[in-house]
Protein chains: 2
Amino acid sequence: MKIPSKHIENAVDQIASLPGIGRRTALRLVLNLMNRSTEEITDFSEAFLQMKEHVKNCITCGNISDEETCEICCNARRDQSLICVVEDIRDVLAIESTESYKGVYHVLGGIISPMDGVGPSDLNIASLVERITNGEVNEVIFALSATMEGDTTNFFIYKKLRDFNIEVSTLSRGVAVGSELQYADEVTLSRSLLNRQPFEI
Amino acid sequence: MKIPSKHIENAVDQIASLPGIGRRTALRLVLNLMNRSTEEITDFSEAFLQMKEHVKNCITCGNISDEETCEICCNARRDQSLICVVEDIRDVLAIESTESYKGVYHVLGGIISPMDGVGPSDLNIASLVERITNGEVNEVIFALSATMEGDTTNFFIYKKLRDFNIEVSTLSRGVAVGSELQYADEVTLSRSLLNRQPFEI
């Protein structure tokens with residue numbers, strides 16, 4: 001597909017550099033932008049520059065924030081002694097949207113994955129240990145992906161934390177709420193049998 | 001999903017304003033942008049501003065171009081007496097990628113669709129009539145979508161052109177090459193029976 005304008009070509013390349021967007025979709029999006037006014041395009045472009053300039057990572061937990069310290073770490077109503085360890089900012093948003101967690105977070109910025117060249121030193125693990133050394137932490141919850149990499153990371157962090165007098169827990173694994181049993185995979189099903197819970201009414 | 005930064009929120013809103021992109025996807029794309037360097041973000045933003053500033057519509061056919069007149073209209077090897085009428089720039093790209101069309105184009109910029117408030121006066125129909133009045137045009141090919149709106153637009157333009165001494169044709173409709181007969185819809189199948197062609201070896 002030869003685009004008859006190098007400026008459009010360039011815009012298409014930029015949009016197609018985003019994950020999961022191919023050149024055909026990128027062209028559709030760029031042509032949509034082309035139909036907008038100059039002011040709208042300026043607002044569009046300015047949004048990313050402003051974001052890059054002003055958004056910081058919280059110095060305590062690594063979550064995104066417009067301030068030095070994020071809203072969750074600043075919030076006196078949150079239980080600062082309970083830390084949930086997550087891979088990514090999106091995991092924070094996912095847990096926050098449940099509205100059922102009242103502790104704080106620690107964003108690792110990834111998980112240990114030798115295949116992708118991500119080692120423990122690339123993650124915010126030292127700052128987690130520091131938080132626990134300095135602060136009044138009672139419990140750390142591992143909320144990483146239920147994959148080999150997630151388990152490896154859990155184990156690596158657990159080794160760092162076991163000398164502290166804190167509880168370490170992990171999210172329960174099992175059949176998803178609302179899903180049919182026959183569609184659950186074998187490992188999940190056997191794990192949820194093993195970790196069966198007392199029946200409650 | 002409450003995003004803890006108004007700058008990120010703004011960037012997500014901008015990306016989500018593109019057609020077919022929801023807020024969840026937009027957030028994923030924005031977080032990908034967040035991980036890029038300031039130079040990369042500047043290049044990203046600049047691409048759209050440059051595009052808006054420099055890309056024009058060809059004064060002859062309405063195709064996108066970096067110059068006043070597009071490459072196709074300028075090209076002396078193209079048959080300027082054969083005009084293919086299309087809805088959109090993407091249709092030009094689609095036909096160009098077949099490498100089997102040697103005429104020129106006329107981009108309408110849409111099709112007549114009363115439901116969407118698009119009337120004949122919103123389209124580049126007057127400029128098509130002008131091209132035919134002034135130029136040495138032998139044939140006009142309608143290459144609009146095979147929908148009710150496309151047929152309406154074809155008919156509207158046909159009425160404008162029938163007093164000129166030119167041929168007017170339309171793309172053939174029929175079973176797609178490589179597709180199985182049983183999956184063709186009834187209307188297409190009956191049309192391709194009606195317009196059956198002499199068998200060629």
# chains A, B, ... in the order shown; residues from 1 in each chain; ligands from 1
>>> calpha_fit_and_write(fixed="chain B", moving="chain A", output="compact mmCIF listing (two decimals) with C-alpha atoms, in the first residue's frame")
# COMPACT_ATOMS: atom_id res chain seq x y z
CA MET A 1 -11.74 2.86 35.66
CA LYS A 2 -10.38 5.93 37.45
CA ILE A 3 -6.98 6.99 36.13
CA PRO A 4 -4.87 8.68 38.84
CA SER A 5 -3.48 11.44 36.57
CA LYS A 6 -5.41 14.07 34.66
CA HIS A 7 -2.68 14.24 32.00
CA ILE A 8 -2.93 10.52 31.32
CA GLU A 9 -6.72 10.83 31.41
CA ASN A 10 -6.52 13.55 28.77
CA ALA A 11 -4.18 11.50 26.56
CA VAL A 12 -6.51 8.50 26.92
CA ASP A 13 -9.50 10.67 25.92
CA GLN A 14 -7.64 11.84 22.82
CA ILE A 15 -6.68 8.32 21.73
CA ALA A 16 -10.18 7.04 22.52
CA SER A 17 -11.62 9.75 20.26
CA LEU A 18 -10.23 7.79 17.29
CA PRO A 19 -12.81 5.54 15.64
CA GLY A 20 -12.98 1.96 16.95
CA ILE A 21 -10.68 2.53 19.95
CA GLY A 22 -12.18 2.11 23.40
CA ARG A 23 -10.83 3.54 26.65
CA ARG A 24 -9.22 0.29 27.76
CA THR A 25 -7.24 -0.03 24.52
CA ALA A 26 -6.47 3.70 24.65
CA LEU A 27 -4.97 3.29 28.11
CA ARG A 28 -2.78 0.43 26.89
CA LEU A 29 -1.53 2.59 24.01
CA VAL A 30 -0.97 5.64 26.24
CA LEU A 31 1.05 3.60 28.76
CA ASN A 32 3.15 2.36 25.86
CA LEU A 33 3.78 6.00 24.87
CA MET A 34 4.61 6.86 28.48
CA ASN A 35 7.55 4.45 28.33
CA ARG A 36 9.09 6.27 25.38
CA SER A 37 11.69 9.02 25.51
CA THR A 38 10.75 12.70 25.26
CA GLU A 39 12.23 12.82 21.73
CA GLU A 40 10.09 9.91 20.61
CA ILE A 41 6.96 11.55 22.03
CA THR A 42 7.88 14.81 20.31
CA ASP A 43 8.27 12.97 16.99
CA PHE A 44 4.94 11.26 17.60
CA SER A 45 3.11 14.51 18.29
CA GLU A 46 4.89 16.48 15.59
CA ALA A 47 3.86 13.95 12.90
CA PHE A 48 0.18 14.92 13.18
CA LEU A 49 0.84 18.68 13.24
CA GLN A 50 3.10 18.40 10.18
CA MET A 51 0.50 16.29 8.42
CA LYS A 52 -2.26 18.82 9.11
CA GLU A 53 -0.05 21.68 7.98
CA HIS A 54 1.35 20.23 4.78
CA VAL A 55 -1.07 17.69 3.34
CA LYS A 56 -3.49 19.11 0.79
CA ASN A 57 -6.26 17.75 -1.37
CA CYS A 58 -5.38 17.63 -5.06
CA ILE A 59 -7.19 20.56 -6.77
CA THR A 60 -8.15 18.29 -9.66
CA CYS A 61 -9.28 15.00 -8.15
CA GLY A 62 -9.46 15.55 -4.35
CA ASN A 63 -6.89 12.85 -3.57
CA ILE A 64 -4.41 13.57 -0.76
CA SER A 65 -1.12 15.06 -1.83
CA ASP A 66 1.86 17.04 -0.59
CA GLU A 67 1.56 19.24 -3.71
CA GLU A 68 -1.28 21.25 -5.30
CA THR A 69 -1.85 18.49 -7.83
CA CYS A 70 -1.44 14.84 -6.88
CA GLU A 71 1.08 12.42 -8.40
CA ILE A 72 -1.61 10.55 -10.31
CA CYS A 73 -3.08 13.67 -11.95
CA CYS A 74 0.45 14.91 -12.81
CA ASN A 75 1.52 11.60 -14.30
CA ALA A 76 1.62 11.88 -18.12
CA ARG A 77 1.55 8.07 -18.39
CA ARG A 78 -1.90 7.86 -16.82
CA ASP A 79 -4.92 7.99 -19.12
CA GLN A 80 -6.47 11.36 -18.24
CA SER A 81 -9.56 10.56 -20.32
CA LEU A 82 -10.61 7.75 -17.95
CA ILE A 83 -11.95 8.84 -14.54
CA CYS A 84 -12.72 6.43 -11.72
CA VAL A 85 -15.18 7.92 -9.20
CA VAL A 86 -14.51 6.76 -5.63
CA GLU A 87 -15.90 7.63 -2.22
CA ASP A 88 -12.72 7.98 -0.25
CA ILE A 89 -8.93 8.24 -0.39
CA ARG A 90 -8.64 4.66 0.89
CA ASP A 91 -10.50 3.47 -2.22
CA VAL A 92 -7.82 5.14 -4.35
CA LEU A 93 -5.14 3.27 -2.39
CA ALA A 94 -7.06 -0.01 -2.76
CA ILE A 95 -7.41 0.36 -6.53
CA GLU A 96 -3.80 1.58 -6.89
CA SER A 97 -2.55 -1.49 -5.05
CA THR A 98 -4.11 -3.71 -7.76
CA GLU A 99 -1.66 -2.07 -10.22
CA SER A 100 -4.20 -2.74 -12.96
CA TYR A 101 -5.77 0.70 -13.41
CA LYS A 102 -4.09 3.28 -15.60
CA GLY A 103 -6.68 6.08 -15.54
CA VAL A 104 -7.17 8.88 -13.01
CA TYR A 105 -9.54 9.32 -10.07
CA HIS A 106 -12.18 11.60 -8.68
CA VAL A 107 -12.63 11.44 -4.90
CA LEU A 108 -16.17 12.40 -3.86
CA GLY A 109 -15.33 12.66 -0.15
CA GLY A 110 -18.35 10.56 0.85
CA ILE A 111 -21.58 9.17 -0.58
CA ILE A 112 -25.12 10.51 -0.53
CA SER A 113 -26.62 9.36 2.76
CA PRO A 114 -29.69 11.24 4.02
CA MET A 115 -29.52 9.23 7.27
CA ASP A 116 -26.12 10.77 8.05
CA GLY A 117 -27.12 14.18 6.70
CA VAL A 118 -24.85 13.92 3.65
CA GLY A 119 -26.46 15.42 0.55
CA PRO A 120 -25.14 15.83 -3.02
CA SER A 121 -23.92 19.36 -2.27
CA ASP A 122 -21.55 17.99 0.42
CA LEU A 123 -19.69 15.93 -2.18
CA ASN A 124 -17.22 16.88 -4.93
CA ILE A 125 -19.79 16.28 -7.69
CA ALA A 126 -19.74 19.78 -9.23
CA SER A 127 -15.98 19.55 -9.73
CA LEU A 128 -16.43 16.20 -11.51
CA VAL A 129 -18.96 17.74 -13.91
CA GLU A 130 -16.56 20.63 -14.45
CA ARG A 131 -13.71 18.22 -15.26
CA ILE A 132 -15.89 16.53 -17.84
CA THR A 133 -17.06 19.84 -19.32
CA ASN A 134 -13.51 21.14 -19.66
CA GLY A 135 -11.47 18.04 -20.34
CA GLU A 136 -11.15 15.28 -22.84
CA VAL A 137 -12.95 12.61 -20.85
CA ASN A 138 -14.08 9.44 -22.62
CA GLU A 139 -15.28 7.26 -19.76
CA VAL A 140 -16.33 7.54 -16.13
CA ILE A 141 -16.21 4.42 -13.94
CA PHE A 142 -18.37 4.33 -10.81
CA ALA A 143 -16.43 2.52 -8.08
CA LEU A 144 -18.63 3.27 -5.07
CA SER A 145 -19.77 0.82 -2.39
CA ALA A 146 -22.36 -1.75 -3.49
CA THR A 147 -24.91 -0.36 -1.03
CA MET A 148 -28.16 1.57 -1.28
CA GLU A 149 -26.23 4.80 -0.66
CA GLY A 150 -23.66 3.89 -3.30
CA ASP A 151 -26.38 3.15 -5.85
CA THR A 152 -28.18 6.41 -5.03
CA THR A 153 -24.97 8.36 -5.55
CA ASN A 154 -24.26 6.52 -8.80
CA PHE A 155 -27.73 7.39 -10.07
CA PHE A 156 -27.46 11.04 -9.01
CA ILE A 157 -24.12 11.47 -10.81
CA TYR A 158 -25.37 9.51 -13.84
CA LYS A 159 -28.22 12.02 -14.28
CA LYS A 160 -25.65 14.85 -14.33
CA LEU A 161 -23.46 13.05 -16.87
CA ARG A 162 -25.91 11.55 -19.35
CA ASP A 163 -26.00 14.65 -21.58
CA PHE A 164 -22.26 14.41 -22.16
CA ASN A 165 -20.96 12.19 -24.91
CA ILE A 166 -19.07 9.83 -22.60
CA GLU A 167 -19.28 6.21 -21.55
CA VAL A 168 -20.40 5.54 -18.00
CA SER A 169 -19.58 2.17 -16.42
CA THR A 170 -19.60 0.57 -12.99
CA LEU A 171 -17.49 -2.13 -11.30
CA SER A 172 -18.78 -5.65 -11.96
CA ARG A 173 -20.59 -7.27 -9.05
CA GLY A 174 -20.36 -10.98 -8.42
CA VAL A 175 -18.90 -13.79 -6.39
CA ALA A 176 -15.49 -12.76 -5.01
CA VAL A 177 -12.42 -14.46 -6.47
CA GLY A 178 -11.32 -17.31 -4.21
CA SER A 179 -14.58 -17.48 -2.25
CA GLU A 180 -16.82 -20.53 -2.04
CA LEU A 181 -20.19 -20.37 -3.77
CA GLN A 182 -22.17 -21.61 -0.77
CA TYR A 183 -21.07 -18.62 1.29
CA ALA A 184 -22.07 -15.96 -1.27
CA ASP A 185 -25.24 -14.07 -0.30
CA GLU A 186 -28.38 -14.49 -2.43
CA VAL A 187 -28.36 -11.03 -4.01
CA THR A 188 -24.72 -11.28 -5.07
CA LEU A 189 -25.29 -14.79 -6.42
CA SER A 190 -28.40 -13.85 -8.40
CA ARG A 191 -26.61 -10.77 -9.75
CA SER A 192 -23.63 -12.83 -10.85
CA LEU A 193 -25.97 -15.30 -12.59
CA LEU A 194 -27.72 -12.44 -14.38
CA ASN A 195 -24.44 -10.82 -15.45
CA ARG A 196 -22.81 -14.10 -16.45
CA GLN A 197 -19.82 -13.78 -18.74
CA PRO A 198 -18.64 -15.75 -21.77
CA PHE A 199 -16.34 -18.53 -20.58
CA GLU A 200 -12.70 -17.84 -21.42
CA ILE A 201 -9.73 -20.16 -21.25
>>> select_by_dssp(residues="range 39-116 of chain B", states="helix (DSSP H, G or I)", output="number ranges by chain")
B: 39-54, 71-74, 89-96, 114-116
>>> select_by_dssp(residues="range 43-158 of chain B", states="strand (DSSP E or B)", output="PyMOL selection string")
chain B and resi 56-57+64-65+79-86+103-107+113+118+139-142
>>> write_last_selection(atoms="N, CA and C atoms", output="PDB file, in the first residue's frame")
ATOM      1  N   LYS B  56      -2.306  18.360   1.433  1.00  0.00           N
ATOM      2  CA  LYS B  56      -3.424  19.055   0.780  1.00  0.00           C
ATOM      3  C   LYS B  56      -4.285  18.025   0.052  1.00  0.00           C
ATOM      4  N   ASN B  57      -5.432  18.508  -0.424  1.00  0.00           N
ATOM      5  CA  ASN B  57      -6.207  17.697  -1.342  1.00  0.00           C
ATOM      6  C   ASN B  57      -5.894  18.182  -2.746  1.00  0.00           C
ATOM      7  N   ILE B  64      -5.327  12.833  -1.611  1.00  0.00           N
ATOM      8  CA  ILE B  64      -4.340  13.490  -0.749  1.00  0.00           C
ATOM      9  C   ILE B  64      -3.014  13.628  -1.483  1.00  0.00           C
ATOM     10  N   SER B  65      -2.307  14.703  -1.138  1.00  0.00           N
ATOM     11  CA  SER B  65      -1.055  14.974  -1.838  1.00  0.00           C
ATOM     12  C   SER B  65      -0.233  15.974  -1.048  1.00  0.00           C
ATOM     13  N   ASP B  79      -3.930   7.585 -18.109  1.00  0.00           N
ATOM     14  CA  ASP B  79      -4.956   7.953 -19.078  1.00  0.00           C
ATOM     15  C   ASP B  79      -5.894   8.988 -18.455  1.00  0.00           C
ATOM     16  N   GLN B  80      -5.710  10.262 -18.828  1.00  0.00           N
ATOM     17  CA  GLN B  80      -6.486  11.345 -18.215  1.00  0.00           C
ATOM     18  C   GLN B  80      -7.929  11.376 -18.730  1.00  0.00           C
ATOM     19  N   SER B  81      -8.232  10.540 -19.730  1.00  0.00           N
ATOM     20  CA  SER B  81      -9.590  10.545 -20.262  1.00  0.00           C
ATOM     21  C   SER B  81     -10.482   9.500 -19.582  1.00  0.00           C
ATOM     22  N   LEU B  82      -9.908   8.773 -18.629  1.00  0.00           N
ATOM     23  CA  LEU B  82     -10.647   7.736 -17.911  1.00  0.00           C
ATOM     24  C   LEU B  82     -10.663   8.088 -16.426  1.00  0.00           C
ATOM     25  N   ILE B  83     -11.857   8.390 -15.900  1.00  0.00           N
ATOM     26  CA  ILE B  83     -11.965   8.826 -14.500  1.00  0.00           C
ATOM     27  C   ILE B  83     -12.719   7.778 -13.688  1.00  0.00           C
ATOM     28  N   CYS B  84     -12.090   7.349 -12.593  1.00  0.00           N
ATOM     29  CA  CYS B  84     -12.740   6.404 -11.683  1.00  0.00           C
ATOM     30  C   CYS B  84     -13.252   7.177 -10.473  1.00  0.00           C
ATOM     31  N   VAL B  85     -14.555   7.135 -10.238  1.00  0.00           N
ATOM     32  CA  VAL B  85     -15.168   7.896  -9.146  1.00  0.00           C
ATOM     33  C   VAL B  85     -15.200   7.025  -7.892  1.00  0.00           C
ATOM     34  N   VAL B  86     -14.534   7.483  -6.835  1.00  0.00           N
ATOM     35  CA  VAL B  86     -14.498   6.717  -5.580  1.00  0.00           C
ATOM     36  C   VAL B  86     -14.995   7.573  -4.431  1.00  0.00           C
ATOM     37  N   GLY B 103      -6.028   4.757 -15.402  1.00  0.00           N
ATOM     38  CA  GLY B 103      -6.699   6.051 -15.542  1.00  0.00           C
ATOM     39  C   GLY B 103      -6.435   6.933 -14.334  1.00  0.00           C
ATOM     40  N   VAL B 104      -7.292   7.944 -14.157  1.00  0.00           N
ATOM     41  CA  VAL B 104      -7.176   8.838 -13.000  1.00  0.00           C
ATOM     42  C   VAL B 104      -8.423   8.669 -12.118  1.00  0.00           C
ATOM     43  N   TYR B 105      -8.478   9.433 -11.021  1.00  0.00           N
ATOM     44  CA  TYR B 105      -9.551   9.271 -10.044  1.00  0.00           C
ATOM     45  C   TYR B 105     -10.328  10.561  -9.847  1.00  0.00           C
ATOM     46  N   HIS B 106     -11.474  10.410  -9.207  1.00  0.00           N
ATOM     47  CA  HIS B 106     -12.167  11.558  -8.633  1.00  0.00           C
ATOM     48  C   HIS B 106     -12.718  11.129  -7.273  1.00  0.00           C
ATOM     49  N   VAL B 107     -12.210  11.764  -6.207  1.00  0.00           N
ATOM     50  CA  VAL B 107     -12.594  11.387  -4.845  1.00  0.00           C
ATOM     51  C   VAL B 107     -13.774  12.246  -4.402  1.00  0.00           C
ATOM     52  N   SER B 113     -25.990  10.075   1.808  1.00  0.00           N
ATOM     53  CA  SER B 113     -26.565   9.281   2.883  1.00  0.00           C
ATOM     54  C   SER B 113     -27.429  10.182   3.755  1.00  0.00           C
ATOM     55  N   VAL B 118     -25.690  13.519   4.876  1.00  0.00           N
ATOM     56  CA  VAL B 118     -24.782  13.840   3.771  1.00  0.00           C
ATOM     57  C   VAL B 118     -25.596  13.943   2.478  1.00  0.00           C
ATOM     58  N   GLU B 139     -14.539   8.242 -20.509  1.00  0.00           N
ATOM     59  CA  GLU B 139     -15.303   7.280 -19.709  1.00  0.00           C
ATOM     60  C   GLU B 139     -15.207   7.610 -18.224  1.00  0.00           C
ATOM     61  N   VAL B 140     -16.329   7.412 -17.522  1.00  0.00           N
ATOM     62  CA  VAL B 140     -16.360   7.543 -16.063  1.00  0.00           C
ATOM     63  C   VAL B 140     -16.759   6.191 -15.498  1.00  0.00           C
ATOM     64  N   ILE B 141     -15.945   5.698 -14.555  1.00  0.00           N
ATOM     65  CA  ILE B 141     -16.250   4.416 -13.906  1.00  0.00           C
ATOM     66  C   ILE B 141     -16.743   4.700 -12.493  1.00  0.00           C
ATOM     67  N   PHE B 142     -17.917   4.201 -12.129  1.00  0.00           N
ATOM     68  CA  PHE B 142     -18.394   4.334 -10.749  1.00  0.00           C
ATOM     69  C   PHE B 142     -17.813   3.189  -9.942  1.00  0.00           C
TER      70      PHE B 142
END
